[in-house]
Amino acid sequence: MKDYEALSRKHFDAQAPQYDERDTVYYSREGKISCRDIAHKLSSFSYTSLLDVGCGTGFLIDLLAKQRKARYVGLDLSPEMIRMAEKKQILGAEFTCGTADRLPFPDGTFDIVTCSQSFHHYPYPDKAMSEAFRVLKPGGLYILSDTGVGGIGGWIDNHILFRLSRSGDCHTTNRHGIARMMEKAGFVVAESRQISRFIYTVTGRKNKAAADPER
């Protein structure tokens, strides 16, 4: 199997210095759409701790920190993306290198876990989903926004285009597929929205009585 993590790390390390400024489909355009949608949703929520998985340059955390004072943690596998995020010196934020399927945090740490435009790079999506569930507090929210399609378009991406790609793109699905994955991980799907032609945001809740499913 291709080393998708190594490909993603190389791809985003190279993009990091220009990522925020280059507002195009290959750089940050879709990411900014997802981040702004998540920030708008969270503007009406009360929370004290948030983890952004696949945080990139910290664009989402920067938006959120201007809305609400909280503990913000950003995690990304690209050291250069983390370096760019740290340069922003966002109040209340800390950044660390890591991968979505091995989150370096204790159970029940965060009120909110977010993931914007990075889930399609994860070679172990079910594990990434269960890890988000694990580190959330009971009652916490997992908000995932990504680009993806189902049907024949998804099959072409997954079985042809992504196999040829050198940017670490691994798999795609639509919001219905994400909702099914959330339910399998133990979440109750609270909201599923299409926010543009190909971009969606799905929100899952870890119920207060929930126990972590077997992993």
# chains A, B, ... in the order shown; residues from 1 in each chain; ligands from 1
$ closest_atom_pairs --of "range 29-72 of chain A" --to "range 129-136 of chain A" --cutoff "12 Å" --atoms "only C-alpha atoms" --output "JSON lines"
{"residue": "A:Tyr47", "atom": "CA", "partner": "A:Leu136", "partner_atom": "CA", "distance": 11.9}
{"residue": "A:Ser49", "atom": "CA", "partner": "A:Leu136", "partner_atom": "CA", "distance": 9.8}
{"residue": "A:Leu50", "atom": "CA", "partner": "A:Leu136", "partner_atom": "CA", "distance": 9.2}
{"residue": "A:Leu51", "atom": "CA", "partner": "A:Val135", "partner_atom": "CA", "distance": 9.0}
{"residue": "A:Asp52", "atom": "CA", "partner": "A:Ala132", "partner_atom": "CA", "distance": 10.1}
{"residue": "A:Val53", "atom": "CA", "partner": "A:Ala132", "partner_atom": "CA", "distance": 8.7}
{"residue": "A:Gly54", "atom": "CA", "partner": "A:Ala132", "partner_atom": "CA", "distance": 11.9}
$ select_by_dssp --residues "range 65-180 of chain A" --states "strand (DSSP E or B)" --output "JSON, numbers by chain"
{"A": [71, 72, 73, 74, 75, 76, 93, 94, 95, 96, 97, 110, 111, 112, 113, 114, 115, 116, 136, 137, 138, 139, 140, 141, 142, 143, 144, 145, 146, 147]}
$ residues_around --residues "Val188 in chain A" --least-positions-apart "2" --cutoff "6 Å" --atoms "only C-alpha atoms" --output "VMD selection string"
chain A and resid 183 204 to 205
$ closest_atom_pairs --of "range 72-130 of chain A" --to "range 25-39 of chain A" --cutoff "12 Å" --atoms "only C-alpha atoms" --output "CSV"
residue,atom,partner,partner_atom,distance
A:Ile112,CA,A:Ile38,CA,11.1
A:Val113,CA,A:Ile38,CA,10.8
A:Thr114,CA,A:Ile38,CA,8.0
A:Cys115,CA,A:Cys35,CA,8.9
A:Ser116,CA,A:Ser34,CA,5.9
A:Gln117,CA,A:Gly31,CA,5.5
A:Ser118,CA,A:Gly31,CA,8.6
A:Phe119,CA,A:Gly31,CA,11.5
$ select_by_dssp --residues "chain A" --states "alpha helix (DSSP H)" --output "number ranges by chain"
A: 4-15, 29-42, 59-67, 79-87, 125-135, 151-156, 162-164, 175-185
$ write_last_selection --atoms "C-alpha atoms" --output "JSON list (two decimals), in the first residue's frame"
[["chain", "number", "residue", "atom", "x", "y", "z"],
["A", 4, "TYR", "CA", -0.24, 8.04, 2.35],
["A", 5, "GLU", "CA", 1.06, 9.69, 5.50],
["A", 6, "ALA", "CA", 4.51, 10.23, 3.99],
["A", 7, "LEU", "CA", 2.97, 11.60, 0.79],
["A", 8, "SER", "CA", 0.70, 13.97, 2.73],
["A", 9, "ARG", "CA", 3.56, 15.16, 4.92],
["A", 10, "LYS", "CA", 5.74, 15.91, 1.90],
["A", 11, "HIS", "CA", 2.88, 17.60, 0.04],
["A", 12, "PHE", "CA", 1.85, 19.89, 2.89],
["A", 13, "ASP", "CA", 5.39, 20.65, 4.01],
["A", 14, "ALA", "CA", 5.98, 22.04, 0.53],
["A", 15, "GLN", "CA", 2.70, 24.00, 0.52],
["A", 29, "ARG", "CA", -9.81, 27.55, -0.84],
["A", 30, "GLU", "CA", -11.81, 24.51, 0.29],
["A", 31, "GLY", "CA", -10.14, 24.56, 3.68],
["A", 32, "LYS", "CA", -11.22, 28.15, 4.29],
["A", 33, "ILE", "CA", -14.81, 27.33, 3.30],
["A", 34, "SER", "CA", -14.91, 24.47, 5.79],
["A", 35, "CYS", "CA", -13.18, 26.43, 8.54],
["A", 36, "ARG", "CA", -15.54, 29.39, 8.24],
["A", 37, "ASP", "CA", -18.54, 27.07, 8.33],
["A", 38, "ILE", "CA", -17.26, 25.39, 11.51],
["A", 39, "ALA", "CA", -16.44, 28.74, 13.12],
["A", 40, "HIS", "CA", -19.94, 30.02, 12.36],
["A", 41, "LYS", "CA", -21.47, 26.91, 13.92],
["A", 42, "LEU", "CA", -19.34, 27.18, 17.05],
["A", 59, "PHE", "CA", -6.53, 28.94, 10.19],
["A", 60, "LEU", "CA", -9.56, 27.54, 12.03],
["A", 61, "ILE", "CA", -8.06, 27.97, 15.48],
["A", 62, "ASP", "CA", -7.21, 31.57, 14.64],
["A", 63, "LEU", "CA", -10.85, 32.20, 13.70],
["A", 64, "LEU", "CA", -12.16, 30.51, 16.83],
["A", 65, "ALA", "CA", -9.74, 32.21, 19.22],
["A", 66, "LYS", "CA", -11.08, 35.57, 18.04],
["A", 67, "GLN", "CA", -14.60, 34.41, 18.92],
["A", 79, "PRO", "CA", 6.03, 19.92, 10.71],
["A", 80, "GLU", "CA", 6.05, 22.87, 8.34],
["A", 81, "MET", "CA", 2.33, 23.46, 8.75],
["A", 82, "ILE", "CA", 2.81, 23.37, 12.53],
["A", 83, "ARG", "CA", 5.68, 25.86, 12.22],
["A", 84, "MET", "CA", 3.46, 28.26, 10.27],
["A", 85, "ALA", "CA", 0.67, 27.87, 12.84],
["A", 86, "GLU", "CA", 3.02, 28.61, 15.74],
["A", 87, "LYS", "CA", 4.26, 31.77, 14.00],
["A", 125, "PRO", "CA", -10.42, 6.57, 8.76],
["A", 126, "ASP", "CA", -12.29, 4.28, 11.15],
["A", 127, "LYS", "CA", -9.44, 4.49, 13.66],
["A", 128, "ALA", "CA", -9.30, 8.28, 13.27],
["A", 129, "MET", "CA", -13.03, 8.43, 13.96],
["A", 130, "SER", "CA", -12.76, 6.25, 17.07],
["A", 131, "GLU", "CA", -9.84, 8.32, 18.33],
["A", 132, "ALA", "CA", -11.93, 11.49, 18.05],
["A", 133, "PHE", "CA", -14.64, 9.73, 20.04],
["A", 134, "ARG", "CA", -12.15, 8.64, 22.70],
["A", 135, "VAL", "CA", -10.64, 12.07, 23.41],
["A", 151, "GLY", "CA", -21.52, 6.95, -6.32],
["A", 152, "ILE", "CA", -19.52, 6.59, -9.52],
["A", 153, "GLY", "CA", -17.59, 9.80, -8.83],
["A", 154, "GLY", "CA", -16.38, 8.43, -5.52],
["A", 155, "TRP", "CA", -15.44, 5.12, -7.11],
["A", 156, "ILE", "CA", -13.35, 6.90, -9.75],
["A", 162, "PHE", "CA", -6.21, 8.77, -5.77],
["A", 163, "ARG", "CA", -4.08, 5.75, -6.67],
["A", 164, "LEU", "CA", -2.22, 7.97, -9.14],
["A", 175, "ARG", "CA", -21.79, 13.27, 3.96],
["A", 176, "HIS", "CA", -23.97, 10.17, 4.16],
["A", 177, "GLY", "CA", -20.89, 7.96, 4.25],
["A", 178, "ILE", "CA", -19.36, 10.11, 6.98],
["A", 179, "ALA", "CA", -22.57, 9.94, 9.00],
["A", 180, "ARG", "CA", -22.51, 6.14, 8.81],
["A", 181, "MET", "CA", -18.88, 6.10, 9.97],
["A", 182, "MET", "CA", -19.72, 8.38, 12.89],
["A", 183, "GLU", "CA", -22.55, 6.12, 13.99],
["A", 184, "LYS", "CA", -20.26, 3.08, 13.77],
["A", 185, "ALA", "CA", -17.77, 4.88, 16.04]]
$ residues_around --residues "range 189-203 of chain A" --least-positions-apart "5" --cutoff "6 Å" --atoms "only C-alpha atoms" --output "list in words"
Tyr142, Ile143, Leu144, Ser145, Asp146, Thr147 and Gly148 of chain A
$ decode --residues "range 86-126 of chain A" --atoms "N, CA and C atoms" --output "PDB file, in the first residue's frame"
ATOM      1  N   GLU A  86       2.396  28.051  14.536  1.00  0.00           N
ATOM      2  CA  GLU A  86       3.020  28.611  15.737  1.00  0.00           C
ATOM      3  C   GLU A  86       3.463  30.057  15.522  1.00  0.00           C
ATOM      4  N   LYS A  87       3.836  30.390  14.294  1.00  0.00           N
ATOM      5  CA  LYS A  87       4.261  31.766  14.001  1.00  0.00           C
ATOM      6  C   LYS A  87       3.131  32.769  14.211  1.00  0.00           C
ATOM      7  N   LYS A  88       1.895  32.322  14.159  1.00  0.00           N
ATOM      8  CA  LYS A  88       0.759  33.227  14.331  1.00  0.00           C
ATOM      9  C   LYS A  88       0.568  33.652  15.780  1.00  0.00           C
ATOM     10  N   GLN A  89       1.161  32.908  16.718  1.00  0.00           N
ATOM     11  CA  GLN A  89       1.085  33.240  18.145  1.00  0.00           C
ATOM     12  C   GLN A  89      -0.363  33.491  18.584  1.00  0.00           C
ATOM     13  N   ILE A  90      -1.202  32.517  18.325  1.00  0.00           N
ATOM     14  CA  ILE A  90      -2.630  32.620  18.649  1.00  0.00           C
ATOM     15  C   ILE A  90      -2.829  32.450  20.152  1.00  0.00           C
ATOM     16  N   LEU A  91      -3.563  33.354  20.744  1.00  0.00           N
ATOM     17  CA  LEU A  91      -3.805  33.336  22.182  1.00  0.00           C
ATOM     18  C   LEU A  91      -4.524  32.050  22.596  1.00  0.00           C
ATOM     19  N   GLY A  92      -3.960  31.358  23.581  1.00  0.00           N
ATOM     20  CA  GLY A  92      -4.579  30.148  24.113  1.00  0.00           C
ATOM     21  C   GLY A  92      -4.364  28.906  23.273  1.00  0.00           C
ATOM     22  N   ALA A  93      -3.503  28.972  22.254  1.00  0.00           N
ATOM     23  CA  ALA A  93      -3.331  27.858  21.323  1.00  0.00           C
ATOM     24  C   ALA A  93      -1.975  27.186  21.496  1.00  0.00           C
ATOM     25  N   GLU A  94      -1.965  25.886  21.311  1.00  0.00           N
ATOM     26  CA  GLU A  94      -0.734  25.106  21.259  1.00  0.00           C
ATOM     27  C   GLU A  94      -0.829  24.155  20.078  1.00  0.00           C
ATOM     28  N   PHE A  95       0.304  23.816  19.494  1.00  0.00           N
ATOM     29  CA  PHE A  95       0.322  22.997  18.287  1.00  0.00           C
ATOM     30  C   PHE A  95       1.328  21.869  18.432  1.00  0.00           C
ATOM     31  N   THR A  96       0.987  20.716  17.861  1.00  0.00           N
ATOM     32  CA  THR A  96       1.855  19.561  17.970  1.00  0.00           C
ATOM     33  C   THR A  96       1.758  18.700  16.717  1.00  0.00           C
ATOM     34  N   CYS A  97       2.833  18.002  16.397  1.00  0.00           N
ATOM     35  CA  CYS A  97       2.823  17.054  15.282  1.00  0.00           C
ATOM     36  C   CYS A  97       2.238  15.721  15.750  1.00  0.00           C
ATOM     37  N   GLY A  98       1.452  15.115  14.901  1.00  0.00           N
ATOM     38  CA  GLY A  98       0.871  13.820  15.220  1.00  0.00           C
ATOM     39  C   GLY A  98      -0.071  13.381  14.119  1.00  0.00           C
ATOM     40  N   THR A  99      -0.647  12.202  14.280  1.00  0.00           N
ATOM     41  CA  THR A  99      -1.563  11.659  13.281  1.00  0.00           C
ATOM     42  C   THR A  99      -2.925  11.386  13.895  1.00  0.00           C
ATOM     43  N   ALA A 100      -3.945  11.416  13.058  1.00  0.00           N
ATOM     44  CA  ALA A 100      -5.332  11.344  13.516  1.00  0.00           C
ATOM     45  C   ALA A 100      -5.682   9.999  14.130  1.00  0.00           C
ATOM     46  N   ASP A 101      -4.977   8.944  13.756  1.00  0.00           N
ATOM     47  CA  ASP A 101      -5.303   7.620  14.269  1.00  0.00           C
ATOM     48  C   ASP A 101      -4.550   7.264  15.545  1.00  0.00           C
ATOM     49  N   ARG A 102      -3.711   8.195  16.034  1.00  0.00           N
ATOM     50  CA  ARG A 102      -2.968   7.972  17.282  1.00  0.00           C
ATOM     51  C   ARG A 102      -2.882   9.308  18.032  1.00  0.00           C
ATOM     52  N   LEU A 103      -3.990   9.781  18.521  1.00  0.00           N
ATOM     53  CA  LEU A 103      -4.027  11.091  19.174  1.00  0.00           C
ATOM     54  C   LEU A 103      -3.330  11.017  20.538  1.00  0.00           C
ATOM     55  N   PRO A 104      -2.369  11.900  20.794  1.00  0.00           N
ATOM     56  CA  PRO A 104      -1.566  11.820  22.019  1.00  0.00           C
ATOM     57  C   PRO A 104      -2.214  12.535  23.205  1.00  0.00           C
ATOM     58  N   PHE A 105      -3.480  12.189  23.481  1.00  0.00           N
ATOM     59  CA  PHE A 105      -4.220  12.841  24.549  1.00  0.00           C
ATOM     60  C   PHE A 105      -5.015  11.797  25.326  1.00  0.00           C
ATOM     61  N   PRO A 106      -5.227  12.034  26.620  1.00  0.00           N
ATOM     62  CA  PRO A 106      -6.021  11.092  27.431  1.00  0.00           C
ATOM     63  C   PRO A 106      -7.483  11.063  27.000  1.00  0.00           C
ATOM     64  N   ASP A 107      -8.176  10.027  27.414  1.00  0.00           N
ATOM     65  CA  ASP A 107      -9.612   9.915  27.170  1.00  0.00           C
ATOM     66  C   ASP A 107     -10.331  11.130  27.758  1.00  0.00           C
ATOM     67  N   GLY A 108     -11.361  11.590  27.081  1.00  0.00           N
ATOM     68  CA  GLY A 108     -12.240  12.618  27.621  1.00  0.00           C
ATOM     69  C   GLY A 108     -11.580  13.956  27.887  1.00  0.00           C
ATOM     70  N   THR A 109     -10.692  14.395  26.987  1.00  0.00           N
ATOM     71  CA  THR A 109      -9.945  15.634  27.204  1.00  0.00           C
ATOM     72  C   THR A 109     -10.670  16.871  26.705  1.00  0.00           C
ATOM     73  N   PHE A 110     -11.387  16.778  25.587  1.00  0.00           N
ATOM     74  CA  PHE A 110     -11.871  17.965  24.878  1.00  0.00           C
ATOM     75  C   PHE A 110     -13.391  18.049  24.811  1.00  0.00           C
ATOM     76  N   ASP A 111     -13.888  19.288  24.828  1.00  0.00           N
ATOM     77  CA  ASP A 111     -15.318  19.536  24.609  1.00  0.00           C
ATOM     78  C   ASP A 111     -15.687  19.404  23.137  1.00  0.00           C
ATOM     79  N   ILE A 112     -14.771  19.813  22.265  1.00  0.00           N
ATOM     80  CA  ILE A 112     -15.008  19.823  20.818  1.00  0.00           C
ATOM     81  C   ILE A 112     -13.798  19.220  20.125  1.00  0.00           C
ATOM     82  N   VAL A 113     -14.032  18.402  19.106  1.00  0.00           N
ATOM     83  CA  VAL A 113     -12.988  17.983  18.173  1.00  0.00           C
ATOM     84  C   VAL A 113     -13.440  18.380  16.777  1.00  0.00           C
ATOM     85  N   THR A 114     -12.568  19.052  16.036  1.00  0.00           N
ATOM     86  CA  THR A 114     -12.888  19.453  14.669  1.00  0.00           C
ATOM     87  C   THR A 114     -11.911  18.808  13.689  1.00  0.00           C
ATOM     88  N   CYS A 115     -12.354  18.706  12.450  1.00  0.00           N
ATOM     89  CA  CYS A 115     -11.513  18.139  11.389  1.00  0.00           C
ATOM     90  C   CYS A 115     -11.996  18.750  10.077  1.00  0.00           C
ATOM     91  N   SER A 116     -11.173  19.602   9.476  1.00  0.00           N
ATOM     92  CA  SER A 116     -11.596  20.281   8.249  1.00  0.00           C
ATOM     93  C   SER A 116     -10.644  19.992   7.097  1.00  0.00           C
ATOM     94  N   GLN A 117     -11.171  19.422   6.042  1.00  0.00           N
ATOM     95  CA  GLN A 117     -10.466  19.185   4.783  1.00  0.00           C
ATOM     96  C   GLN A 117      -9.180  18.374   4.953  1.00  0.00           C
ATOM     97  N   SER A 118      -9.196  17.425   5.912  1.00  0.00           N
ATOM     98  CA  SER A 118      -8.043  16.531   6.026  1.00  0.00           C
ATOM     99  C   SER A 118      -8.446  15.069   6.104  1.00  0.00           C
ATOM    100  N   PHE A 119      -9.722  14.784   6.359  1.00  0.00           N
ATOM    101  CA  PHE A 119     -10.140  13.396   6.585  1.00  0.00           C
ATOM    102  C   PHE A 119      -9.878  12.510   5.376  1.00  0.00           C
ATOM    103  N   HIS A 120      -9.950  13.081   4.166  1.00  0.00           N
ATOM    104  CA  HIS A 120      -9.737  12.269   2.968  1.00  0.00           C
ATOM    105  C   HIS A 120      -8.270  11.883   2.774  1.00  0.00           C
ATOM    106  N   HIS A 121      -7.397  12.384   3.651  1.00  0.00           N
ATOM    107  CA  HIS A 121      -5.988  11.981   3.631  1.00  0.00           C
ATOM    108  C   HIS A 121      -5.679  10.851   4.609  1.00  0.00           C
ATOM    109  N   TYR A 122      -6.650  10.413   5.396  1.00  0.00           N
ATOM    110  CA  TYR A 122      -6.369   9.452   6.462  1.00  0.00           C
ATOM    111  C   TYR A 122      -6.461   8.018   5.945  1.00  0.00           C
ATOM    112  N   PRO A 123      -5.367   7.261   6.002  1.00  0.00           N
ATOM    113  CA  PRO A 123      -5.422   5.879   5.521  1.00  0.00           C
ATOM    114  C   PRO A 123      -6.191   4.942   6.445  1.00  0.00           C
ATOM    115  N   TYR A 124      -6.432   5.371   7.704  1.00  0.00           N
ATOM    116  CA  TYR A 124      -7.178   4.549   8.662  1.00  0.00           C
ATOM    117  C   TYR A 124      -8.359   5.371   9.194  1.00  0.00           C
ATOM    118  N   PRO A 125      -9.348   5.650   8.361  1.00  0.00           N
ATOM    119  CA  PRO A 125     -10.422   6.572   8.755  1.00  0.00           C
ATOM    120  C   PRO A 125     -11.248   6.088   9.936  1.00  0.00           C
ATOM    121  N   ASP A 126     -11.509   4.786  10.024  1.00  0.00           N
ATOM    122  CA  ASP A 126     -12.295   4.281  11.154  1.00  0.00           C
ATOM    123  C   ASP A 126     -11.549   4.488  12.465  1.00  0.00           C
TER     124      ASP A 126
END
